[in-house]
Each structure stands twice: as structure tokens, then as C-alpha cells.
Amino acid sequence: MWGGRFAAQPADAMQAINASIDVDKRLWREDIEGSKAHADMLAAQGIITQEDNAAIQAGLDQIAAEILDGRFEFSAELEDIHLNIEARLTERIGEAGKRLHTGRSRNDQVATDFKLWTMRAAREAGEGLRALQKALLGPAEAHADWIMPGFTHLQTAQPVTLGHHLLAYVSMFERDRVRLISGALEAAWECPLGAAALAGTPYPIDRERTAAALGFHEPAHNSLDAVGSRDFALAALANLSIAVTHLSRLAEEIVLWTSPQFGFARLSDQWSTGSSIMPQKRNPDAAELIRAKAARIGADFAALNGVVQKLPLAYAKDLQEDKALTFGAFDNFALSLTAMIGMIETMRFERQAMRAAAARGYSTATDLADWLVRELKVPFREAHEITGRIVRRAEEAGVSELGLMPLADFQAVDPRITEEARALLTVEKSVESRDSYGGTAPLRVREQIERWKGLFK
Ligand code: ARG
């Protein structure tokens, strides 16, 4: 493979550590696409003949068909996808195949192929997030006014609506989607092809042409940077890590909500697992695994960052590990997304359990304080103090909800409190009252659902 330079074969383990074909065969489409653009350009520039280019184009198309049909034999001796395809091309078309590698190197070739792959994967991941957002919109709309406890510190804070809670994730996934897609747009700016091994090439190549043919905006302006940089993949993995962190938080909620202690939701049979010993169990394994996948994707980012950060310019073989990490991260992300969509689409929410939990913990206490401020012009700090005493009284009397305590008990603490104030202390009234823009009132939730529907068209 290396021509005349070596007399002996590499050690078996040398080949094992060096060969990347098992991983990078996934780049075959991008590799063929890059080679076709390169050969066209070589011919347009008169560096190879039109006849050779025609043979190369046809040969590469046939190889694509072979790979698609599973007829292509990948060989570890040929190290990677680039050499596998080039060797097969020469096998098929002879001499012309040997001219394809004029004015390029595997270094700019792999940077280009991998960049194309990563851009596509990031866009697809973004589209996948849109599908999850749409899946969340279903229950958010159906349960726009269902009441559940809102938590801070996982302690009951104020009642919120289930629609509102689910839409919080729609907002998070929207930012994740935009981040992934803008990362792909940014990567599409500079094309590495034509940087050759590291220093450029003496052939009169047309880098504008190959850049445009591959959908890039312009050729990369520095050949050392072009072959030695992988920040497009780092950015994609960082964006993916953030997105999967949000997925993991939703997964965590599903684990909590489906526990008998919460009892807020029930996963469908399709998305539950049983126990081999405890017949009553319904375990949320998929949600748990999404949490674990999130940790792995974050680690994939950290690993690639670690690979790149100690490399002097330009290319070093360390960079070959970029693909396994990136492919793994995108695969795990896609699977997690599919599982999450499946769970959300088939999950049942338990209205009574959520409402009962929302009413516990004196979750409407703030509503009483707000009434004192609004109606009696009591300063908020003082209202806070009065309400605190009322909560203590309810607790001592064993009354679980403020709205259920007799008016006399309120008036024993502050005689100005009226029946009208007491009536406000239900969880329904509480969520209705939080009608500021972006708030939890069913009216506002429905307004946001309409906004999302407009955006998703
Ligand atoms: N398989 C290699 C990689 O993925 C391709 C580039 C190899 N370049 C080289 N000079 N050995 O990084």
C-alpha cells in the first residue's frame, strides 16, 4: 500500500490499532461524493483528462451501488474507507483510478468527508427534536389545565398546569434544535478539500469549485487549519450533550412520576419492563437508560476534546478516533429520542393523583399573601409573616389544605381576612391567577400551544 518504502508487513496488532474501516465505512457516501467533486474539478482544470474523469465517475457510482447492495468487500489491510474505495476503483477502471488522488491527501479527504457527515447528522438530530416537540404538544394540549404540583428543590412550591410543565421542555428542545442546526450551518462555511496533506498542492486546483459542489460556502483559508481542526465535531457533540441533558431531565421526571410514590403517570406496556422476581413491577427502563446515555454523550464530547487539545498542528492519527466518538454519540442520541417520543406518545397521566399532590404542602399560601397585598395594601413582607402564621395554624389543626380551613381560623390570625380571600385558596384559582405572559394559567398555556402550532407548520 505504501509502495516502495517498506520491506516488511506491519505487525498484526499494528494493523489492529491502525485500521479504522470498521468504523469509518459509514463515511462511504461522503467519500464518494467528495471524490466525484474532486475528479470533476481535476478534469475541469485539465489536470486529468475528461476520459479519465468519466471512468472515475462511472466507477465511483458502481462502487456506491456495490456498497448499497452489500457486495463490497471491506478490507482492514486497506486501513480505511478512503483507501478501500480508491483500491476498488483502480481494480475496476485501471490506470484512471490511480489518478484520482492527484492534488489531495487522505488528510483533507477525511476532514471533508467527516465534516459532511457531521453536518447531516446534526441537522437530522435537530429534525428529530422537532418530532419530540410535536409529541409533547399532544398531552400539553389535552392536559392544558390539569393541575400538578410545581416544585422548587423538589419541594411542593406552587400549583402549575401539566400543559405548562410539558411546554417547558418544548422550549428547551427548541433551543437545542436551533443550536444543532446553526452548528451545521457554521460547519458548512469552510471546505477543507484541497488543503492536501497540510500545505496545499502545486497542482492548479480550483477549490472554489469543489467547495461549491459539496455545498460549502467557501474553501477553508488555511490548509494547516483545514486538515488539523475538528471543532465542527466538538461543537456538534457539545450541542448534542446539551440536548441530551434536557432529554435526561425529562427522563428523570418520568422515573419520578411513574413511581408509586408520585403516581402522576403510567407508561404504556410497550415502554415498561417487568421484573423477573417481583410480579407487580413496571419499570421505566427506557427513561433510565436515556439518563445513562446522556452521561455517555457528555463523555464523548470530553473524550474528543481531550484528543484534540494536545495536538500540535496539523494532522495526527489521534484524530482518527473522532469518528467512533461522534458516531456513537449520534446513534445514542437518535435512540434516546425515539424512545422518548414513544414514551410520551403512549403515556397516561393521572389527573387525580397530580391534583391531590398539588394541594398538599399548603401550595396556595402565596395566593393568600398576594391577596393581603392586593386588597389590604399590606406590605409583602408583612403579608408573608401573616400567611406563615396561618399555615402553622392549619398544620396544628391537621387541615391539609388552606382552602379547607374554616374562616374563623383565618380571622383568629388576622380579622381582616374575608370569605372571598379564603375562596381563592384552591389550586384551580391559584393557577388561573398566574396569568402573566409565559405563566401557568390555562389561558396562557393555550396561547403558547397556539404559538408552537404556528411555528411547527
Ligand atoms: N483514517 C484516517 C483518519 O480517519 C484518514 C487520514 C489518514 N491520514 C494519514 N496521514 N494517515 O484520520
# chains A, B, ... in the order shown; residues from 1 in each chain; ligands from 1

$ residues_near_ligand --ligand "ligand 1" --cutoff "6 Å" --atoms "only C-alpha atoms and all ligand atoms" --output "VMD selection string"
chain A and resid 20 80 106 to 107 110 317 319 to 320

$ write_last_selection --atoms "N, CA, C and O atoms" --output "compact mmCIF listing (two decimals), in the first residue's frame"
# COMPACT_ATOMS: atom_id res chain seq x y z
N SER A 20 -9.21 1.59 10.58
CA SER A 20 -10.43 2.25 11.06
C SER A 20 -11.64 1.87 10.22
O SER A 20 -12.73 2.40 10.41
N ASP A 80 -8.68 2.13 5.78
CA ASP A 80 -9.86 2.96 5.99
C ASP A 80 -10.74 3.03 4.75
O ASP A 80 -10.42 2.44 3.71
N ARG A 106 -5.32 12.01 2.05
CA ARG A 106 -6.39 11.50 2.91
C ARG A 106 -6.70 12.50 4.02
O ARG A 106 -7.77 12.45 4.62
N ASN A 107 -5.74 13.37 4.30
CA ASN A 107 -5.96 14.32 5.40
C ASN A 107 -7.07 15.32 5.09
O ASN A 107 -7.95 15.58 5.92
N VAL A 110 -10.45 13.14 4.55
CA VAL A 110 -11.21 12.71 5.73
C VAL A 110 -11.84 13.91 6.44
O VAL A 110 -12.97 13.83 6.93
N LYS A 317 -2.64 11.11 13.81
CA LYS A 317 -3.54 9.97 13.72
C LYS A 317 -4.53 9.91 14.87
O LYS A 317 -5.57 9.28 14.76
N LEU A 319 -6.54 11.90 15.56
CA LEU A 319 -7.81 12.44 15.06
C LEU A 319 -8.72 11.35 14.50
O LEU A 319 -9.93 11.55 14.38
N GLN A 320 -8.14 10.21 14.17
CA GLN A 320 -8.96 9.13 13.63
C GLN A 320 -10.03 8.67 14.64
O GLN A 320 -11.07 8.15 14.26

$ residues_around --residues "A:Tyr203" --least-positions-apart "5" --cutoff "12 Å" --atoms "only C-alpha atoms" --output "MDAnalysis selection string"
chainID A and resid 41:43 45:48 101:104 194:196

$ write_last_selection --atoms "all heavy atoms" --output "mmCIF file, in the first residue's frame"
data_model
loop_
_atom_site.group_PDB
_atom_site.id
_atom_site.type_symbol
_atom_site.label_atom_id
_atom_site.label_comp_id
_atom_site.auth_asym_id
_atom_site.auth_seq_id
_atom_site.Cartn_x
_atom_site.Cartn_y
_atom_site.Cartn_z
ATOM 1 N N MET A 41 -13.409 18.454 -10.771
ATOM 2 C CA MET A 41 -12.580 19.666 -10.723
ATOM 3 C C MET A 41 -11.237 19.419 -11.416
ATOM 4 O O MET A 41 -10.777 20.256 -12.211
ATOM 5 C CB MET A 41 -12.395 20.095 -9.258
ATOM 6 C CG MET A 41 -11.545 21.321 -9.031
ATOM 7 S SD MET A 41 -9.768 20.971 -9.031
ATOM 8 C CE MET A 41 -9.592 20.021 -7.525
ATOM 9 N N LEU A 42 -10.613 18.255 -11.148
ATOM 10 C CA LEU A 42 -9.319 17.951 -11.787
ATOM 11 C C LEU A 42 -9.468 17.992 -13.311
ATOM 12 O O LEU A 42 -8.599 18.522 -14.024
ATOM 13 C CB LEU A 42 -8.800 16.575 -11.352
ATOM 14 C CG LEU A 42 -8.345 16.412 -9.893
ATOM 15 C CD1 LEU A 42 -7.929 14.951 -9.632
ATOM 16 C CD2 LEU A 42 -7.190 17.350 -9.539
ATOM 17 N N ALA A 43 -10.588 17.454 -13.801
ATOM 18 C CA ALA A 43 -10.799 17.431 -15.249
ATOM 19 C C ALA A 43 -11.054 18.845 -15.777
ATOM 20 O O ALA A 43 -10.501 19.255 -16.806
ATOM 21 C CB ALA A 43 -11.971 16.510 -15.595
ATOM 22 N N GLN A 45 -9.953 21.496 -14.705
ATOM 23 C CA GLN A 45 -8.695 22.254 -14.645
ATOM 24 C C GLN A 45 -7.643 21.669 -15.592
ATOM 25 O O GLN A 45 -6.503 22.135 -15.617
ATOM 26 C CB GLN A 45 -8.149 22.241 -13.209
ATOM 27 C CG GLN A 45 -9.028 22.947 -12.187
ATOM 28 C CD GLN A 45 -9.180 24.423 -12.492
ATOM 29 O OE1 GLN A 45 -10.198 24.839 -13.040
ATOM 30 N NE2 GLN A 45 -8.148 25.211 -12.192
ATOM 31 N N GLY A 46 -8.015 20.614 -16.301
ATOM 32 C CA GLY A 46 -7.063 19.994 -17.223
ATOM 33 C C GLY A 46 -5.965 19.201 -16.521
ATOM 34 O O GLY A 46 -4.931 18.881 -17.115
ATOM 35 N N ILE A 47 -6.186 18.846 -15.255
ATOM 36 C CA ILE A 47 -5.157 18.083 -14.510
ATOM 37 C C ILE A 47 -5.285 16.597 -14.842
ATOM 38 O O ILE A 47 -4.302 15.874 -14.883
ATOM 39 C CB ILE A 47 -5.284 18.366 -12.994
ATOM 40 C CG1 ILE A 47 -5.118 19.872 -12.727
ATOM 41 C CG2 ILE A 47 -4.253 17.569 -12.194
ATOM 42 C CD1 ILE A 47 -5.505 20.322 -11.319
ATOM 43 N N ILE A 48 -6.502 16.131 -15.073
ATOM 44 C CA ILE A 48 -6.714 14.789 -15.635
ATOM 45 C C ILE A 48 -7.578 14.963 -16.886
ATOM 46 O O ILE A 48 -8.185 16.036 -17.076
ATOM 47 C CB ILE A 48 -7.388 13.801 -14.633
ATOM 48 C CG1 ILE A 48 -8.794 14.292 -14.241
ATOM 49 C CG2 ILE A 48 -6.520 13.581 -13.396
ATOM 50 C CD1 ILE A 48 -9.619 13.268 -13.442
ATOM 51 N N HIS A 101 -6.192 10.460 -6.884
ATOM 52 C CA HIS A 101 -5.603 11.048 -5.669
ATOM 53 C C HIS A 101 -4.639 12.207 -5.972
ATOM 54 O O HIS A 101 -3.944 12.687 -5.078
ATOM 55 C CB HIS A 101 -4.906 9.953 -4.844
ATOM 56 C CG HIS A 101 -4.952 10.192 -3.351
ATOM 57 N ND1 HIS A 101 -6.112 10.466 -2.651
ATOM 58 C CD2 HIS A 101 -3.965 10.211 -2.403
ATOM 59 C CE1 HIS A 101 -5.845 10.630 -1.363
ATOM 60 N NE2 HIS A 101 -4.535 10.483 -1.195
ATOM 61 N N THR A 102 -4.634 12.667 -7.214
ATOM 62 C CA THR A 102 -3.787 13.809 -7.582
ATOM 63 C C THR A 102 -4.263 15.073 -6.866
ATOM 64 O O THR A 102 -5.468 15.376 -6.879
ATOM 65 C CB THR A 102 -3.892 14.074 -9.111
ATOM 66 O OG1 THR A 102 -3.777 12.822 -9.795
ATOM 67 C CG2 THR A 102 -2.797 15.038 -9.576
ATOM 68 N N GLY A 103 -3.341 15.772 -6.241
ATOM 69 C CA GLY A 103 -3.689 17.070 -5.652
ATOM 70 C C GLY A 103 -4.557 16.981 -4.412
ATOM 71 O O GLY A 103 -5.201 17.951 -4.018
ATOM 72 N N ARG A 104 -4.600 15.830 -3.775
ATOM 73 C CA ARG A 104 -5.300 15.741 -2.496
ATOM 74 C C ARG A 104 -4.578 14.729 -1.614
ATOM 75 O O ARG A 104 -3.639 14.068 -2.067
ATOM 76 C CB ARG A 104 -6.772 15.362 -2.665
ATOM 77 C CG ARG A 104 -7.005 13.907 -2.932
ATOM 78 C CD ARG A 104 -8.494 13.518 -2.856
ATOM 79 N NE ARG A 104 -8.579 12.062 -3.022
ATOM 80 C CZ ARG A 104 -9.698 11.388 -3.196
ATOM 81 N NH1 ARG A 104 -10.851 12.019 -3.252
ATOM 82 N NH2 ARG A 104 -9.683 10.078 -3.327
ATOM 83 N N GLY A 194 -8.777 20.146 -0.688
ATOM 84 C CA GLY A 194 -7.797 20.930 -1.435
ATOM 85 C C GLY A 194 -6.663 21.437 -0.546
ATOM 86 O O GLY A 194 -5.690 21.996 -1.030
ATOM 87 N N ALA A 195 -6.794 21.219 0.749
ATOM 88 C CA ALA A 195 -5.694 21.577 1.655
ATOM 89 C C ALA A 195 -4.550 20.580 1.487
ATOM 90 O O ALA A 195 -3.425 20.819 1.909
ATOM 91 C CB ALA A 195 -6.176 21.588 3.095
ATOM 92 N N ALA A 196 -4.887 19.438 0.866
ATOM 93 C CA ALA A 196 -3.944 18.340 0.650
ATOM 94 C C ALA A 196 -3.399 17.844 1.985
ATOM 95 O O ALA A 196 -4.128 17.846 2.976
ATOM 96 C CB ALA A 196 -2.868 18.740 -0.335
#

$ residues_around --residues "stretch 177-188 of chain A" --least-positions-apart "4" --cutoff "9 Å" --atoms "only C-alpha atoms" --output "compact mmCIF listing (two decimals) with all heavy atoms, in the first residue's frame"
# COMPACT_ATOMS: atom_id res chain seq x y z
N LYS A 115 -16.75 16.06 7.97
CA LYS A 115 -17.49 17.30 8.18
C LYS A 115 -18.88 17.18 7.53
O LYS A 115 -19.90 17.54 8.13
CB LYS A 115 -16.72 18.48 7.59
CG LYS A 115 -17.08 19.80 8.19
CD LYS A 115 -16.21 20.92 7.64
CE LYS A 115 -16.27 22.13 8.56
NZ LYS A 115 -15.79 23.35 7.92
N LEU A 116 -18.91 16.65 6.31
CA LEU A 116 -20.20 16.47 5.62
C LEU A 116 -21.10 15.56 6.45
O LEU A 116 -22.29 15.83 6.63
CB LEU A 116 -19.98 15.87 4.23
CG LEU A 116 -19.43 16.79 3.14
CD1 LEU A 116 -19.06 15.97 1.89
CD2 LEU A 116 -20.43 17.89 2.78
N THR A 118 -21.02 14.93 9.67
CA THR A 118 -21.42 15.55 10.95
C THR A 118 -22.49 16.61 10.74
O THR A 118 -23.45 16.72 11.52
CB THR A 118 -20.18 16.15 11.65
OG1 THR A 118 -19.20 15.11 11.76
CG2 THR A 118 -20.50 16.68 13.03
N MET A 119 -22.35 17.39 9.66
CA MET A 119 -23.37 18.40 9.37
C MET A 119 -24.73 17.76 9.16
O MET A 119 -25.76 18.23 9.66
CB MET A 119 -22.99 19.15 8.07
CG MET A 119 -21.91 20.20 8.25
SD MET A 119 -21.00 20.56 6.70
CE MET A 119 -22.30 20.79 5.51
N ARG A 120 -24.73 16.68 8.41
CA ARG A 120 -26.00 15.99 8.16
C ARG A 120 -26.59 15.41 9.43
O ARG A 120 -27.79 15.51 9.69
CB ARG A 120 -25.78 14.86 7.14
CG ARG A 120 -25.69 15.42 5.76
CD ARG A 120 -25.25 14.43 4.72
NE ARG A 120 -24.88 15.21 3.54
CZ ARG A 120 -24.10 14.80 2.56
NH1 ARG A 120 -23.60 13.58 2.58
NH2 ARG A 120 -23.83 15.58 1.55
N ALA A 121 -25.71 14.79 10.21
CA ALA A 121 -26.19 14.17 11.46
C ALA A 121 -26.77 15.23 12.39
O ALA A 121 -27.80 15.00 13.03
CB ALA A 121 -25.05 13.42 12.13
N ALA A 122 -26.12 16.39 12.44
CA ALA A 122 -26.61 17.45 13.34
C ALA A 122 -27.98 17.94 12.86
O ALA A 122 -28.88 18.18 13.67
CB ALA A 122 -25.61 18.60 13.40
N ARG A 123 -28.11 18.09 11.54
CA ARG A 123 -29.41 18.53 11.03
C ARG A 123 -30.50 17.49 11.32
O ARG A 123 -31.61 17.83 11.72
CB ARG A 123 -29.34 18.79 9.52
CG ARG A 123 -28.82 20.18 9.17
CD ARG A 123 -29.17 20.55 7.75
NE ARG A 123 -28.62 19.62 6.80
CZ ARG A 123 -27.44 19.78 6.17
NH1 ARG A 123 -26.71 20.85 6.41
NH2 ARG A 123 -27.00 18.87 5.33
N GLU A 124 -30.16 16.22 11.16
CA GLU A 124 -31.14 15.17 11.44
C GLU A 124 -31.51 15.13 12.91
O GLU A 124 -32.68 14.92 13.27
CB GLU A 124 -30.60 13.79 11.02
CG GLU A 124 -30.82 13.51 9.56
CD GLU A 124 -30.05 12.29 9.08
OE1 GLU A 124 -29.78 11.37 9.90
OE2 GLU A 124 -29.68 12.26 7.89
N ALA A 125 -30.52 15.33 13.76
CA ALA A 125 -30.80 15.34 15.20
C ALA A 125 -31.75 16.50 15.52
O ALA A 125 -32.68 16.36 16.32
CB ALA A 125 -29.51 15.46 16.01
N GLY A 126 -31.52 17.63 14.86
CA GLY A 126 -32.40 18.79 15.05
C GLY A 126 -33.82 18.46 14.61
O GLY A 126 -34.79 18.78 15.29
N GLU A 127 -33.93 17.79 13.46
CA GLU A 127 -35.27 17.41 12.98
C GLU A 127 -35.94 16.42 13.94
O GLU A 127 -37.14 16.47 14.17
CB GLU A 127 -35.19 16.81 11.58
CG GLU A 127 -35.06 17.89 10.50
CD GLU A 127 -34.40 17.38 9.22
OE1 GLU A 127 -34.42 16.16 8.96
OE2 GLU A 127 -33.84 18.23 8.50
N GLY A 128 -35.13 15.55 14.51
CA GLY A 128 -35.66 14.59 15.48
C GLY A 128 -36.22 15.31 16.69
O GLY A 128 -37.25 14.91 17.25
N LEU A 129 -35.55 16.37 17.10
CA LEU A 129 -36.05 17.14 18.25
C LEU A 129 -37.39 17.77 17.93
O LEU A 129 -38.27 17.87 18.78
CB LEU A 129 -35.03 18.21 18.65
CG LEU A 129 -33.84 17.69 19.44
CD1 LEU A 129 -32.75 18.74 19.54
CD2 LEU A 129 -34.26 17.23 20.84
N ARG A 130 -37.55 18.19 16.69
CA ARG A 130 -38.84 18.76 16.29
C ARG A 130 -39.95 17.71 16.46
O ARG A 130 -41.05 18.02 16.93
CB ARG A 130 -38.71 19.25 14.86
CG ARG A 130 -39.82 19.99 14.16
CD ARG A 130 -40.62 21.01 14.86
NE ARG A 130 -40.03 22.14 15.53
CZ ARG A 130 -39.85 23.37 15.06
NH1 ARG A 130 -40.14 23.65 13.83
NH2 ARG A 130 -39.37 24.32 15.82
N MET A 172 -37.12 24.15 25.78
CA MET A 172 -35.73 23.70 25.88
C MET A 172 -35.28 23.02 24.59
O MET A 172 -34.20 23.28 24.06
CB MET A 172 -35.59 22.73 27.08
CG MET A 172 -35.66 23.43 28.42
SD MET A 172 -36.54 22.44 29.65
CE MET A 172 -35.23 21.47 30.33
N PHE A 173 -36.15 22.16 24.06
CA PHE A 173 -35.77 21.43 22.85
C PHE A 173 -35.71 22.36 21.63
O PHE A 173 -35.00 22.06 20.67
CB PHE A 173 -36.73 20.26 22.60
CG PHE A 173 -36.62 19.18 23.65
CD1 PHE A 173 -37.76 18.62 24.23
CD2 PHE A 173 -35.38 18.74 24.09
CE1 PHE A 173 -37.65 17.64 25.22
CE2 PHE A 173 -35.27 17.76 25.08
CZ PHE A 173 -36.41 17.21 25.64
N GLY A 215 -21.50 21.84 -1.40
CA GLY A 215 -22.46 22.59 -0.59
C GLY A 215 -21.83 23.47 0.48
O GLY A 215 -22.52 23.92 1.40
N PHE A 216 -20.53 23.72 0.35
CA PHE A 216 -19.89 24.63 1.31
C PHE A 216 -19.93 26.05 0.75
O PHE A 216 -20.10 26.26 -0.45
CB PHE A 216 -18.43 24.23 1.54
CG PHE A 216 -18.27 22.96 2.33
CD1 PHE A 216 -18.09 21.74 1.67
CD2 PHE A 216 -18.28 22.97 3.71
CE1 PHE A 216 -17.93 20.56 2.39
CE2 PHE A 216 -18.12 21.80 4.43
CZ PHE A 216 -17.95 20.59 3.77
N HIS A 217 -19.72 27.01 1.64
CA HIS A 217 -19.77 28.40 1.24
C HIS A 217 -18.48 28.83 0.55
O HIS A 217 -18.49 29.51 -0.47
CB HIS A 217 -20.03 29.26 2.47
CG HIS A 217 -20.35 30.67 2.16
ND1 HIS A 217 -21.57 31.05 1.63
CD2 HIS A 217 -19.62 31.80 2.26
CE1 HIS A 217 -21.56 32.35 1.44
NE2 HIS A 217 -20.39 32.83 1.81
N GLU A 218 -17.35 28.43 1.10
CA GLU A 218 -16.07 28.83 0.52
C GLU A 218 -14.98 27.84 0.95
O GLU A 218 -15.17 27.06 1.89
CB GLU A 218 -15.71 30.26 0.96
CG GLU A 218 -15.63 30.44 2.45
CD GLU A 218 -15.52 31.91 2.89
OE1 GLU A 218 -16.00 32.81 2.17
OE2 GLU A 218 -14.97 32.14 3.97
N ASP A 231 -13.11 21.19 15.30
CA ASP A 231 -14.06 21.90 16.17
C ASP A 231 -15.50 21.79 15.67
O ASP A 231 -16.43 21.91 16.45
CB ASP A 231 -13.66 23.36 16.42
CG ASP A 231 -13.25 24.09 15.15
OD1 ASP A 231 -12.18 23.77 14.61
OD2 ASP A 231 -14.03 24.95 14.70
N PHE A 232 -15.67 21.49 14.37
CA PHE A 232 -17.05 21.28 13.91
C PHE A 232 -17.67 20.08 14.63
O PHE A 232 -18.84 20.09 15.01
CB PHE A 232 -17.11 21.10 12.38
CG PHE A 232 -16.35 19.90 11.86
CD1 PHE A 232 -16.95 18.65 11.81
CD2 PHE A 232 -15.04 20.02 11.44
CE1 PHE A 232 -16.25 17.53 11.35
CE2 PHE A 232 -14.34 18.91 10.97
CZ PHE A 232 -14.94 17.66 10.93
N ALA A 233 -16.85 19.04 14.86
CA ALA A 233 -17.37 17.85 15.56
C ALA A 233 -17.50 18.13 17.05
O ALA A 233 -18.46 17.68 17.70
CB ALA A 233 -16.45 16.66 15.32
N ALA A 235 -18.20 20.99 18.38
CA ALA A 235 -19.39 21.82 18.55
C ALA A 235 -20.64 20.95 18.46
O ALA A 235 -21.57 21.08 19.26
CB ALA A 235 -19.43 22.92 17.50
N ALA A 236 -20.65 20.03 17.49
CA ALA A 236 -21.82 19.16 17.34
C ALA A 236 -22.01 18.31 18.60
O ALA A 236 -23.14 18.15 19.09
CB ALA A 236 -21.67 18.27 16.10
N ASN A 239 -23.26 20.49 21.46
CA ASN A 239 -24.68 20.79 21.27
C ASN A 239 -25.54 19.57 21.55
O ASN A 239 -26.62 19.66 22.14
CB ASN A 239 -24.93 21.29 19.84
CG ASN A 239 -24.29 22.66 19.61
OD1 ASN A 239 -24.03 23.39 20.56
ND2 ASN A 239 -24.02 22.98 18.36
N LEU A 240 -25.04 18.42 21.15
CA LEU A 240 -25.76 17.17 21.39
C LEU A 240 -25.81 16.87 22.89
O LEU A 240 -26.83 16.41 23.41
CB LEU A 240 -25.03 16.05 20.65
CG LEU A 240 -25.84 14.87 20.15
CD1 LEU A 240 -26.95 15.32 19.23
CD2 LEU A 240 -24.91 13.89 19.42
N ALA A 243 -28.46 18.97 24.45
CA ALA A 243 -29.79 18.47 24.10
C ALA A 243 -30.12 17.21 24.90
O ALA A 243 -31.23 17.05 25.42
CB ALA A 243 -29.88 18.19 22.61

$ residues_around --residues "A:Lys134" --least-positions-apart "4" --cutoff "9 Å" --atoms "only C-alpha atoms" --output "VMD selection string"
chain A and resid 129 to 130 138 170 452 to 453 456

$ residues_around --residues "A:Phe410" --least-positions-apart "6" --cutoff "10 Å" --atoms "only C-alpha atoms" --output "mmCIF file with N, CA, C and O atoms, in the first residue's frame"
data_model
loop_
_atom_site.group_PDB
_atom_site.id
_atom_site.type_symbol
_atom_site.label_atom_id
_atom_site.label_comp_id
_atom_site.auth_asym_id
_atom_site.auth_seq_id
_atom_site.Cartn_x
_atom_site.Cartn_y
_atom_site.Cartn_z
ATOM 1 N N ILE A 386 -47.926 37.012 58.100
ATOM 2 C CA ILE A 386 -49.307 36.650 58.483
ATOM 3 C C ILE A 386 -49.657 35.271 57.900
ATOM 4 O O ILE A 386 -50.165 34.384 58.592
ATOM 5 N N THR A 387 -49.322 35.091 56.614
ATOM 6 C CA THR A 387 -49.649 33.822 55.960
ATOM 7 C C THR A 387 -48.896 32.670 56.624
ATOM 8 O O THR A 387 -49.445 31.582 56.801
ATOM 9 N N ARG A 389 -48.143 32.373 59.676
ATOM 10 C CA ARG A 389 -48.840 32.006 60.924
ATOM 11 C C ARG A 389 -50.083 31.184 60.609
ATOM 12 O O ARG A 389 -50.423 30.241 61.322
ATOM 13 N N ILE A 390 -50.751 31.525 59.517
ATOM 14 C CA ILE A 390 -51.962 30.774 59.129
ATOM 15 C C ILE A 390 -51.610 29.339 58.722
ATOM 16 O O ILE A 390 -52.287 28.381 59.090
ATOM 17 N N VAL A 391 -50.507 29.201 58.006
ATOM 18 C CA VAL A 391 -50.065 27.854 57.618
ATOM 19 C C VAL A 391 -49.769 27.029 58.876
ATOM 20 O O VAL A 391 -50.160 25.865 58.988
ATOM 21 N N ARG A 393 -51.056 27.363 61.793
ATOM 22 C CA ARG A 393 -52.339 27.047 62.434
ATOM 23 C C ARG A 393 -53.014 25.854 61.733
ATOM 24 O O ARG A 393 -53.526 24.937 62.385
ATOM 25 N N ALA A 394 -52.987 25.881 60.385
ATOM 26 C CA ALA A 394 -53.602 24.783 59.611
ATOM 27 C C ALA A 394 -52.887 23.468 59.937
ATOM 28 O O ALA A 394 -53.528 22.432 60.161
ATOM 29 N N LEU A 402 -55.216 24.849 52.781
ATOM 30 C CA LEU A 402 -55.638 26.134 53.354
ATOM 31 C C LEU A 402 -57.092 26.431 53.040
ATOM 32 O O LEU A 402 -57.835 26.917 53.899
ATOM 33 N N ARG A 416 -59.015 40.748 59.269
ATOM 34 C CA ARG A 416 -59.393 41.401 58.001
ATOM 35 C C ARG A 416 -59.618 40.399 56.869
ATOM 36 O O ARG A 416 -60.120 40.738 55.811
ATOM 37 N N ILE A 417 -59.192 39.133 57.093
ATOM 38 C CA ILE A 417 -59.317 38.138 56.021
ATOM 39 C C ILE A 417 -60.786 37.754 55.827
ATOM 40 O O ILE A 417 -61.491 37.452 56.794
ATOM 41 N N THR A 418 -61.232 37.772 54.562
ATOM 42 C CA THR A 418 -62.665 37.536 54.275
ATOM 43 C C THR A 418 -62.885 36.169 53.621
ATOM 44 O O THR A 418 -61.935 35.495 53.199
ATOM 45 N N GLU A 419 -64.132 35.827 53.497
ATOM 46 C CA GLU A 419 -64.535 34.588 52.831
ATOM 47 C C GLU A 419 -64.032 34.593 51.375
ATOM 48 O O GLU A 419 -63.601 33.578 50.833
ATOM 49 N N ALA A 421 -61.330 35.891 50.270
ATOM 50 C CA ALA A 421 -59.905 35.529 50.259
ATOM 51 C C ALA A 421 -59.755 34.017 50.403
ATOM 52 O O ALA A 421 -58.995 33.378 49.673
ATOM 53 N N ARG A 422 -60.515 33.457 51.326
ATOM 54 C CA ARG A 422 -60.426 32.013 51.570
ATOM 55 C C ARG A 422 -60.759 31.230 50.299
ATOM 56 O O ARG A 422 -60.121 30.228 49.982
#

$ select_by_dssp --residues "stretch 175-357 of chain A" --states "strand (DSSP E)" --output "number ranges by chain"
A: 190-191, 218-219, 265-266, 348-349

$ decode --residues "stretch 97-113 of chain A" --atoms "C-alpha atoms" --output "compact mmCIF listing (two decimals), in the first residue's frame"
# COMPACT_ATOMS: atom_id res chain seq x y z
CA GLY A 97 -8.33 5.18 -10.78
CA LYS A 98 -4.72 5.82 -9.87
CA ARG A 99 -5.06 9.44 -10.98
CA LEU A 100 -7.90 10.30 -8.59
CA HIS A 101 -5.60 11.05 -5.67
CA THR A 102 -3.79 13.81 -7.58
CA GLY A 103 -3.69 17.07 -5.65
CA ARG A 104 -5.30 15.74 -2.50
CA SER A 105 -4.43 13.70 0.57
CA ARG A 106 -6.39 11.50 2.91
CA ASN A 107 -5.96 14.32 5.40
CA ASP A 108 -8.13 16.84 3.55
CA GLN A 109 -10.28 13.99 2.27
CA VAL A 110 -11.21 12.71 5.73
CA ALA A 111 -11.70 16.21 7.13
CA THR A 112 -14.17 16.88 4.29
CA ASP A 113 -15.99 13.55 4.47
